[in-house]
$ cat target-v5.cif   # mmCIF, C-alpha atoms
data_run
loop_
_atom_site.group_PDB
_atom_site.id
_atom_site.type_symbol
_atom_site.label_atom_id
_atom_site.label_comp_id
_atom_site.auth_asym_id
_atom_site.auth_seq_id
_atom_site.Cartn_x
_atom_site.Cartn_y
_atom_site.Cartn_z
ATOM 1 C CA MET K 56 -15.874 3.365 16.724
ATOM 2 C CA ALA K 57 -15.788 6.825 18.318
ATOM 3 C CA GLU K 58 -14.957 9.765 16.044
ATOM 4 C CA ALA K 59 -11.774 10.561 17.993
ATOM 5 C CA ASP K 60 -10.598 6.935 17.615
ATOM 6 C CA ARG K 61 -11.291 7.103 13.877
ATOM 7 C CA HIS K 62 -9.201 10.273 13.595
ATOM 8 C CA ARG K 63 -6.324 8.714 15.539
ATOM 9 C CA LEU K 64 -6.410 5.591 13.379
ATOM 10 C CA LEU K 65 -6.391 7.680 10.202
ATOM 11 C CA GLU K 66 -3.415 9.658 11.504
ATOM 12 C CA ARG K 67 -1.504 6.430 12.139
ATOM 13 C CA ALA K 68 -2.334 5.204 8.643
ATOM 14 C CA LEU K 69 -1.165 8.445 7.001
ATOM 15 C CA ALA K 70 2.070 8.382 9.009
ATOM 16 C CA LEU K 71 3.071 5.048 7.408
ATOM 17 C CA PRO K 72 5.825 5.226 4.742
ATOM 18 C CA LEU K 73 4.735 5.610 1.131
ATOM 19 C CA ALA K 74 4.830 2.535 -1.073
ATOM 20 C CA THR K 75 6.541 2.896 -4.455
ATOM 21 C CA ALA K 76 6.168 0.898 -7.668
ATOM 22 C CA SER K 77 9.382 -0.957 -6.794
ATOM 23 C CA ASP K 78 7.770 -2.275 -3.577
ATOM 24 C CA PHE K 79 5.307 -4.337 -5.622
ATOM 25 C CA PHE K 80 6.535 -7.898 -6.154
ATOM 26 C CA GLY K 81 6.230 -10.461 -8.939
ATOM 27 C CA GLY K 82 4.896 -8.233 -11.692
ATOM 28 C CA ARG K 83 2.254 -6.609 -9.497
ATOM 29 C CA LYS K 84 1.592 -2.918 -10.077
ATOM 30 C CA PRO K 85 -0.148 -0.181 -8.096
ATOM 31 C CA PRO K 86 -3.908 -0.162 -8.832
ATOM 32 C CA ALA K 87 -4.834 1.943 -11.860
ATOM 33 C CA GLY K 88 -6.046 5.380 -10.800
ATOM 34 C CA ALA K 89 -4.943 4.940 -7.170
ATOM 35 C CA ASP K 90 -3.650 8.061 -5.437
ATOM 36 C CA ALA K 91 0.066 7.369 -4.791
ATOM 37 C CA GLU K 92 -0.238 9.298 -1.489
ATOM 38 C CA LEU K 93 -2.633 6.615 -0.219
ATOM 39 C CA LEU K 94 -0.420 3.588 -0.950
ATOM 40 C CA ARG K 95 1.535 2.758 2.204
ATOM 41 C CA ARG K 96 3.990 0.149 3.467
ATOM 42 C CA ILE K 97 3.331 -1.430 6.857
ATOM 43 C CA GLU K 98 5.263 -3.854 9.051
ATOM 44 C CA ASP K 99 2.996 -3.914 12.103
ATOM 45 C CA THR K 100 0.593 -6.820 11.440
ATOM 46 C CA THR K 101 -1.655 -5.880 14.362
ATOM 47 C CA LEU K 102 -2.098 -2.337 13.044
ATOM 48 C CA ARG K 103 -2.629 -3.697 9.523
ATOM 49 C CA THR K 104 -5.502 -5.889 10.760
ATOM 50 C CA LYS K 105 -7.006 -2.981 12.686
ATOM 51 C CA LEU K 106 -6.913 -0.682 9.645
ATOM 52 C CA VAL K 107 -8.475 -3.293 7.359
ATOM 53 C CA ASP K 108 -11.173 -4.254 9.880
ATOM 54 C CA ALA K 109 -12.093 -0.577 10.348
ATOM 55 C CA GLY K 110 -12.658 -0.156 6.596
ATOM 56 C CA LEU K 111 -9.756 2.291 6.474
ATOM 57 C CA ALA K 112 -7.459 0.137 4.320
ATOM 58 C CA GLU K 113 -7.379 -2.571 1.692
ATOM 59 C CA GLY K 114 -4.501 -5.056 1.627
ATOM 60 C CA LEU K 115 -2.745 -5.001 -1.760
ATOM 61 C CA GLN K 116 0.273 -7.167 -0.968
ATOM 62 C CA SER K 117 1.198 -9.276 2.014
ATOM 63 C CA PRO K 118 4.285 -11.433 2.594
ATOM 64 C CA LYS K 119 3.573 -15.118 3.147
ATOM 65 C CA GLY K 120 5.939 -17.304 5.161
ATOM 66 C CA PRO K 121 9.610 -16.371 4.680
ATOM 67 C CA GLN K 122 9.005 -14.034 1.716
ATOM 68 C CA ARG K 123 10.912 -10.778 1.966
ATOM 69 C CA ILE K 124 8.396 -8.546 0.206
ATOM 70 C CA ALA K 125 6.740 -5.372 1.384
ATOM 71 C CA SER K 126 3.328 -5.426 3.021
ATOM 72 C CA ILE K 127 1.292 -2.777 1.180
ATOM 73 C CA LEU K 128 -2.035 -1.122 1.980
ATOM 74 C CA ARG K 129 -4.289 1.243 0.073
ATOM 75 C CA ILE K 130 -5.740 3.803 2.485
ATOM 76 C CA TYR K 131 -9.389 4.894 2.208
ATOM 77 C CA PRO K 132 -9.635 8.119 4.278
ATOM 78 C CA ASN K 133 -13.458 7.944 4.251
ATOM 79 C CA PHE K 134 -13.422 4.472 5.863
ATOM 80 C CA ASP K 135 -15.022 2.963 2.772
ATOM 81 C CA ALA K 136 -12.463 0.308 1.819
ATOM 82 C CA PRO K 137 -13.848 -2.686 -0.106
ATOM 83 C CA ALA K 138 -14.942 -5.679 1.965
ATOM 84 C CA ARG K 139 -12.276 -8.363 2.277
ATOM 85 C CA ARG K 140 -12.589 -12.110 1.822
ATOM 86 C CA ALA K 141 -12.370 -14.248 4.945
ATOM 87 C CA THR K 142 -10.301 -17.439 4.910
ATOM 88 C CA ASN K 143 -13.414 -19.626 4.574
ATOM 89 C CA GLY K 144 -14.216 -17.974 1.250
ATOM 90 C CA ARG K 145 -17.135 -15.930 2.550
ATOM 91 C CA VAL K 146 -16.985 -12.175 2.287
ATOM 92 C CA LYS K 147 -16.345 -10.401 5.557
ATOM 93 C CA ARG K 148 -18.307 -7.161 5.464
ATOM 94 C CA VAL K 149 -16.847 -4.073 7.029
ATOM 95 C CA THR K 150 -19.395 -2.451 9.270
ATOM 96 C CA ALA K 151 -20.150 1.052 8.041
ATOM 97 C CA PRO K 152 -19.465 3.736 10.627
ATOM 98 C CA ALA K 153 -22.516 5.050 12.402
ATOM 99 C CA PRO K 154 -23.645 8.369 10.958
ATOM 100 C CA ALA K 155 -22.584 11.331 13.004
ATOM 101 C CA ALA K 156 -25.221 13.135 14.981
ATOM 102 C CA LYS K 157 -26.785 15.937 12.976
ATOM 103 C CA THR K 158 -25.199 19.214 13.997
ATOM 104 C CA ARG K 159 -25.264 22.801 12.851
ATOM 105 C CA LEU K 160 -23.130 23.604 9.819
ATOM 106 C CA PRO K 161 -20.267 26.021 10.500
ATOM 107 C CA SER K 162 -20.428 29.619 9.357
ATOM 108 C CA ILE K 163 -17.931 30.944 6.811
ATOM 109 C CA ASP K 164 -16.197 32.909 9.592
ATOM 110 C CA GLU K 165 -15.802 29.766 11.692
ATOM 111 C CA MET K 166 -14.343 27.807 8.775
ATOM 112 C CA GLU K 167 -11.990 30.695 7.969
ATOM 113 C CA ARG K 168 -10.758 30.708 11.589
ATOM 114 C CA LEU K 169 -10.238 26.937 11.436
ATOM 115 C CA ILE K 170 -8.344 27.107 8.147
ATOM 116 C CA ALA K 171 -6.239 30.022 9.405
ATOM 117 C CA ARG K 172 -5.269 27.973 12.488
ATOM 118 C CA LEU K 173 -4.397 24.951 10.325
ATOM 119 C CA ARG K 174 -2.219 27.071 8.037
ATOM 120 C CA GLU K 175 -0.492 28.742 10.962
ATOM 121 C CA LEU K 176 0.327 25.400 12.568
ATOM 122 C CA GLU K 177 1.281 23.784 9.278
ATOM 123 C CA ALA K 178 4.124 26.229 8.703
ATOM 124 C CA GLY K 179 5.683 25.469 12.093
ATOM 125 C CA VAL K 180 5.153 21.711 11.971
ATOM 126 C CA ALA K 181 6.514 21.544 8.414
ATOM 127 C CA ARG K 182 9.659 23.340 9.556
ATOM 128 C CA GLU K 183 10.038 20.909 12.468
ATOM 129 C CA LEU K 184 9.600 17.779 10.365
ATOM 130 C CA THR K 185 11.143 18.684 7.020
ATOM 131 C CA SER K 186 14.151 20.900 7.741
ATOM 132 C CA GLU K 187 16.596 17.979 7.918
ATOM 133 C CA ALA K 188 15.142 16.309 4.802
ATOM 134 C CA THR K 189 15.266 19.588 2.863
ATOM 135 C CA GLU K 190 18.900 20.187 3.836
ATOM 136 C CA ARG K 191 19.803 16.650 2.706
ATOM 137 C CA ILE K 192 18.067 17.161 -0.663
ATOM 138 C CA ALA K 193 19.859 20.487 -1.202
ATOM 139 C CA LEU K 194 23.220 18.857 -0.425
ATOM 140 C CA LEU K 195 22.581 15.987 -2.862
ATOM 141 C CA LYS K 196 21.513 18.420 -5.605
ATOM 142 C CA ARG K 197 24.777 20.350 -5.168
ATOM 143 C CA THR K 198 26.761 17.097 -5.202
ATOM 144 C CA LEU K 199 25.303 15.990 -8.573
ATOM 145 C CA SER K 200 27.419 18.481 -10.519
ATOM 146 C CA ASP K 201 30.671 17.221 -8.949
ATOM 147 C CA VAL K 202 30.344 13.443 -9.365
ATOM 148 C CA GLU K 203 30.242 10.958 -12.229
ATOM 149 C CA GLY K 204 30.057 7.245 -12.950
ATOM 150 C CA GLU K 205 28.960 5.052 -10.054
ATOM 151 C CA ASP K 206 29.009 8.005 -7.660
ATOM 152 C CA LEU K 207 26.549 9.854 -9.903
ATOM 153 C CA GLU K 208 24.192 6.860 -9.956
ATOM 154 C CA ARG K 209 24.419 6.461 -6.188
ATOM 155 C CA THR K 210 23.747 10.180 -5.631
ATOM 156 C CA TYR K 211 20.689 10.077 -7.940
ATOM 157 C CA ARG K 212 19.383 7.068 -6.023
ATOM 158 C CA GLU K 213 19.943 8.798 -2.671
ATOM 159 C CA LEU K 214 18.214 11.932 -3.984
ATOM 160 C CA GLY K 215 15.188 9.864 -5.053
ATOM 161 C CA GLU K 216 15.004 8.253 -1.615
ATOM 162 C CA ALA K 217 15.324 11.639 0.115
ATOM 163 C CA LEU K 218 12.513 13.096 -2.014
ATOM 164 C CA GLU K 219 10.340 10.078 -1.189
ATOM 165 C CA ARG K 220 10.978 10.570 2.542
ATOM 166 C CA ARG K 221 10.058 14.251 2.244
ATOM 167 C CA ARG K 222 6.796 13.368 0.476
ATOM 168 C CA ALA K 223 5.986 10.995 3.332
ATOM 169 C CA LEU K 224 6.707 13.817 5.789
ATOM 170 C CA GLU K 225 4.083 15.990 4.060
ATOM 171 C CA SER K 226 1.392 13.483 5.057
ATOM 172 C CA GLN K 227 2.799 13.288 8.576
ATOM 173 C CA THR K 228 2.735 17.088 8.772
ATOM 174 C CA ARG K 229 -0.951 17.145 7.815
ATOM 175 C CA ALA K 230 -1.806 14.458 10.356
ATOM 176 C CA GLU K 231 0.156 16.234 13.115
ATOM 177 C CA VAL K 232 -1.510 19.595 12.386
ATOM 178 C CA PHE K 233 -4.973 18.012 12.604
ATOM 179 C CA ARG K 234 -3.993 16.213 15.827
ATOM 180 C CA ARG K 235 -2.847 19.460 17.481
ATOM 181 C CA VAL K 236 -5.996 21.362 16.519
ATOM 182 C CA GLU K 237 -8.217 18.458 17.547
ATOM 183 C CA SER K 238 -6.606 18.310 21.010
ATOM 184 C CA ASP K 239 -6.864 22.092 21.619
ATOM 185 C CA ALA K 240 -9.909 22.319 23.893
ATOM 186 C CA SER K 241 -9.647 26.126 23.917
ATOM 187 C CA PHE K 242 -10.354 26.306 20.162
ATOM 188 C CA PRO K 243 -14.102 25.721 19.595
ATOM 189 C CA GLU K 244 -13.801 25.551 15.798
ATOM 190 C CA ARG K 245 -11.907 22.257 16.140
ATOM 191 C CA GLU K 246 -15.275 20.445 15.963
ATOM 192 C CA TYR K 247 -15.472 21.372 12.268
ATOM 193 C CA LEU K 248 -12.339 19.416 11.334
ATOM 194 C CA ARG K 249 -14.644 16.645 10.137
ATOM 195 C CA PHE K 250 -15.668 18.830 7.194
ATOM 196 C CA LEU K 251 -12.106 18.904 5.871
ATOM 197 C CA ARG K 252 -10.427 16.018 4.080
ATOM 198 C CA ARG K 253 -7.108 15.158 5.641
#
$ encode --input "target-v5.cif" --output "structure tokens"
Amino acid sequence: MAEADRHRLLERALALPLATASDFFGGRKPPAGADAELLRRIEDTTLRTKLVDAGLAEGLQSPKGPQRIASILRIYPNFDAPARRATNGRVKRVTAPAPAAKTRLPSIDEMERLIARLRELEAGVARELTSEATERIALLKRTLSDVEGEDLERTYRELGEALERRRALESQTRAEVFRRVESDASFPEREYLRFLRR
């Protein structure tokens, strides 16, 4: 798979909504030591298959038949997800990505320019994506002091959901910033994005 395709696929994976402990069904729990930022819910079965086949994700939970449970993936940003079992019982190995061509390492100045560009873009993209979520969280926090009983419980629940959505937006912000830098042909330092973990 071409490097640009790998980046795009990773962006799509990181844009998926976060999975929470309550999404796990029947006594299942998130894997011990798993980064919560890399546990995602997915509804698109075609994309799920593509992510797993690329070694970018491991399926943790999948609805069968009429079950109404969340489909959950664990994302492996380095494309090193464990091999999955095929239906015939044999292990289906994920083909390791071809090693990138050996290129010159960037200078400190080049990496500083790249990081400066990422930070500059991040501020703007974060404002674009999170302003509404932040306003909603602020409103709910103010509301907490004025409600009680069932309204208090409902407001706490809504606040938790709003915080979860904002956390998901942080990953989307990162993916969008990388996408913009990667597509800027006038910025030569974009080729060093591969040295940074998304």
$ axis_aligned_box --input "target-v5.cif" --around "range 230-248 of chain K" --padding-each-side "8 Å" --output "lines of an AutoDock Vina configuration file"
center_x = -7.7
center_y = 20.4
center_z = 17.1
size_x = 31.6
size_y = 27.8
size_z = 29.6
$ atom_distance --input "target-v5.cif" --atom1 "CA of Leu207 in chain K" --atom2 "CA of Leu195 in chain K"
10.1 Å
$ residues_around --input "target-v5.cif" --residues "Gly81 in chain K" --least-positions-apart "5" --cutoff "12 Å" --atoms "only C-alpha atoms" --output "list in words"
Ala76, Gln116, Pro118, Gln122, Arg123, Ile124 and Ala125 of chain K
$ resolve_selection --input "target-v5.cif" --expression "the PyMOL selection byres ((chain K and resi 213) around 12)" --output "VMD selection string"
chain K and resid 188 191 to 196 198 to 199 206 to 212 214 to 220
$ write_last_selection --input "target-v5.cif" --atoms "C-alpha atoms" --output "PDB file, in the frame of the given file"
ATOM      1  CA  ALA K 188      15.142  16.309   4.802  1.00  0.00           C
ATOM      2  CA  ARG K 191      19.803  16.650   2.706  1.00  0.00           C
ATOM      3  CA  ILE K 192      18.067  17.161  -0.663  1.00  0.00           C
ATOM      4  CA  ALA K 193      19.859  20.487  -1.202  1.00  0.00           C
ATOM      5  CA  LEU K 194      23.220  18.857  -0.425  1.00  0.00           C
ATOM      6  CA  LEU K 195      22.581  15.987  -2.862  1.00  0.00           C
ATOM      7  CA  LYS K 196      21.513  18.420  -5.605  1.00  0.00           C
ATOM      8  CA  THR K 198      26.761  17.097  -5.202  1.00  0.00           C
ATOM      9  CA  LEU K 199      25.303  15.990  -8.573  1.00  0.00           C
ATOM     10  CA  ASP K 206      29.009   8.005  -7.660  1.00  0.00           C
ATOM     11  CA  LEU K 207      26.549   9.854  -9.903  1.00  0.00           C
ATOM     12  CA  GLU K 208      24.192   6.860  -9.956  1.00  0.00           C
ATOM     13  CA  ARG K 209      24.419   6.461  -6.188  1.00  0.00           C
ATOM     14  CA  THR K 210      23.747  10.180  -5.631  1.00  0.00           C
ATOM     15  CA  TYR K 211      20.689  10.077  -7.940  1.00  0.00           C
ATOM     16  CA  ARG K 212      19.383   7.068  -6.023  1.00  0.00           C
ATOM     17  CA  LEU K 214      18.214  11.932  -3.984  1.00  0.00           C
ATOM     18  CA  GLY K 215      15.188   9.864  -5.053  1.00  0.00           C
ATOM     19  CA  GLU K 216      15.004   8.253  -1.615  1.00  0.00           C
ATOM     20  CA  ALA K 217      15.324  11.639   0.115  1.00  0.00           C
ATOM     21  CA  LEU K 218      12.513  13.096  -2.014  1.00  0.00           C
ATOM     22  CA  GLU K 219      10.340  10.078  -1.189  1.00  0.00           C
ATOM     23  CA  ARG K 220      10.978  10.570   2.542  1.00  0.00           C
TER      24      ARG K 220
END
$ closest_residue --input "target-v5.cif" --among "K:Leu115, K:Leu102, K:Ile97, K:Ala59" --to "Leu248 in chain K" --atoms "all atoms listed in the file"
K:Ala59
$ decode --input "target-v5.cif" --residues "range 157-210 of chain K" --atoms "C-alpha atoms" --output "PDB file, in the first residue's frame"
ATOM      1  CA  LYS K 157      16.083   5.011   2.716  1.00  0.00           C
ATOM      2  CA  THR K 158      16.152   8.791   2.722  1.00  0.00           C
ATOM      3  CA  ARG K 159      18.133  11.525   4.391  1.00  0.00           C
ATOM      4  CA  LEU K 160      17.169  12.309   7.976  1.00  0.00           C
ATOM      5  CA  PRO K 161      15.777  15.814   8.504  1.00  0.00           C
ATOM      6  CA  SER K 162      17.845  18.516  10.146  1.00  0.00           C
ATOM      7  CA  ILE K 163      16.747  20.040  13.454  1.00  0.00           C
ATOM      8  CA  ASP K 164      15.772  23.243  11.611  1.00  0.00           C
ATOM      9  CA  GLU K 165      13.572  21.295   9.200  1.00  0.00           C
ATOM     10  CA  MET K 166      11.827  19.448  12.033  1.00  0.00           C
ATOM     11  CA  GLU K 167      11.337  22.727  13.913  1.00  0.00           C
ATOM     12  CA  ARG K 168       9.712  24.267  10.814  1.00  0.00           C
ATOM     13  CA  LEU K 169       7.455  21.217  10.469  1.00  0.00           C
ATOM     14  CA  ILE K 170       6.431  21.283  14.127  1.00  0.00           C
ATOM     15  CA  ALA K 171       5.841  25.044  13.988  1.00  0.00           C
ATOM     16  CA  ARG K 172       3.522  24.555  10.982  1.00  0.00           C
ATOM     17  CA  LEU K 173       1.646  21.748  12.764  1.00  0.00           C
ATOM     18  CA  ARG K 174       1.168  23.886  15.874  1.00  0.00           C
ATOM     19  CA  GLU K 175       0.033  26.873  13.844  1.00  0.00           C
ATOM     20  CA  LEU K 176      -2.550  24.802  11.983  1.00  0.00           C
ATOM     21  CA  GLU K 177      -3.635  22.929  15.090  1.00  0.00           C
ATOM     22  CA  ALA K 178      -4.798  26.104  16.810  1.00  0.00           C
ATOM     23  CA  GLY K 179      -7.044  27.060  13.887  1.00  0.00           C
ATOM     24  CA  VAL K 180      -8.397  23.573  13.233  1.00  0.00           C
ATOM     25  CA  ALA K 181      -9.085  23.045  16.945  1.00  0.00           C
ATOM     26  CA  ARG K 182     -11.095  26.266  17.008  1.00  0.00           C
ATOM     27  CA  GLU K 183     -13.063  25.145  13.942  1.00  0.00           C
ATOM     28  CA  LEU K 184     -13.876  21.693  15.296  1.00  0.00           C
ATOM     29  CA  THR K 185     -14.232  22.222  19.036  1.00  0.00           C
ATOM     30  CA  SER K 186     -15.854  25.629  19.532  1.00  0.00           C
ATOM     31  CA  GLU K 187     -19.403  24.235  19.534  1.00  0.00           C
ATOM     32  CA  ALA K 188     -18.472  21.315  21.820  1.00  0.00           C
ATOM     33  CA  THR K 189     -16.677  23.649  24.240  1.00  0.00           C
ATOM     34  CA  GLU K 190     -19.663  26.010  24.395  1.00  0.00           C
ATOM     35  CA  ARG K 191     -21.980  23.059  25.120  1.00  0.00           C
ATOM     36  CA  ILE K 192     -19.706  21.818  27.933  1.00  0.00           C
ATOM     37  CA  ALA K 193     -19.544  25.301  29.482  1.00  0.00           C
ATOM     38  CA  LEU K 194     -23.348  25.578  29.377  1.00  0.00           C
ATOM     39  CA  LEU K 195     -23.808  22.170  31.038  1.00  0.00           C
ATOM     40  CA  LYS K 196     -21.273  23.039  33.759  1.00  0.00           C
ATOM     41  CA  ARG K 197     -23.209  26.234  34.545  1.00  0.00           C
ATOM     42  CA  THR K 198     -26.490  24.297  34.568  1.00  0.00           C
ATOM     43  CA  LEU K 199     -25.242  21.789  37.188  1.00  0.00           C
ATOM     44  CA  SER K 200     -25.541  24.311  40.019  1.00  0.00           C
ATOM     45  CA  ASP K 201     -29.197  25.075  39.196  1.00  0.00           C
ATOM     46  CA  VAL K 202     -30.687  21.579  38.871  1.00  0.00           C
ATOM     47  CA  GLU K 203     -31.354  18.616  41.145  1.00  0.00           C
ATOM     48  CA  GLY K 204     -32.887  15.154  41.159  1.00  0.00           C
ATOM     49  CA  GLU K 205     -33.468  13.590  37.751  1.00  0.00           C
ATOM     50  CA  ASP K 206     -32.454  16.802  35.986  1.00  0.00           C
ATOM     51  CA  LEU K 207     -29.086  16.702  37.760  1.00  0.00           C
ATOM     52  CA  GLU K 208     -28.508  13.095  36.676  1.00  0.00           C
ATOM     53  CA  ARG K 209     -29.494  13.885  33.097  1.00  0.00           C
ATOM     54  CA  THR K 210     -27.196  16.936  33.009  1.00  0.00           C
TER      55      THR K 210
END
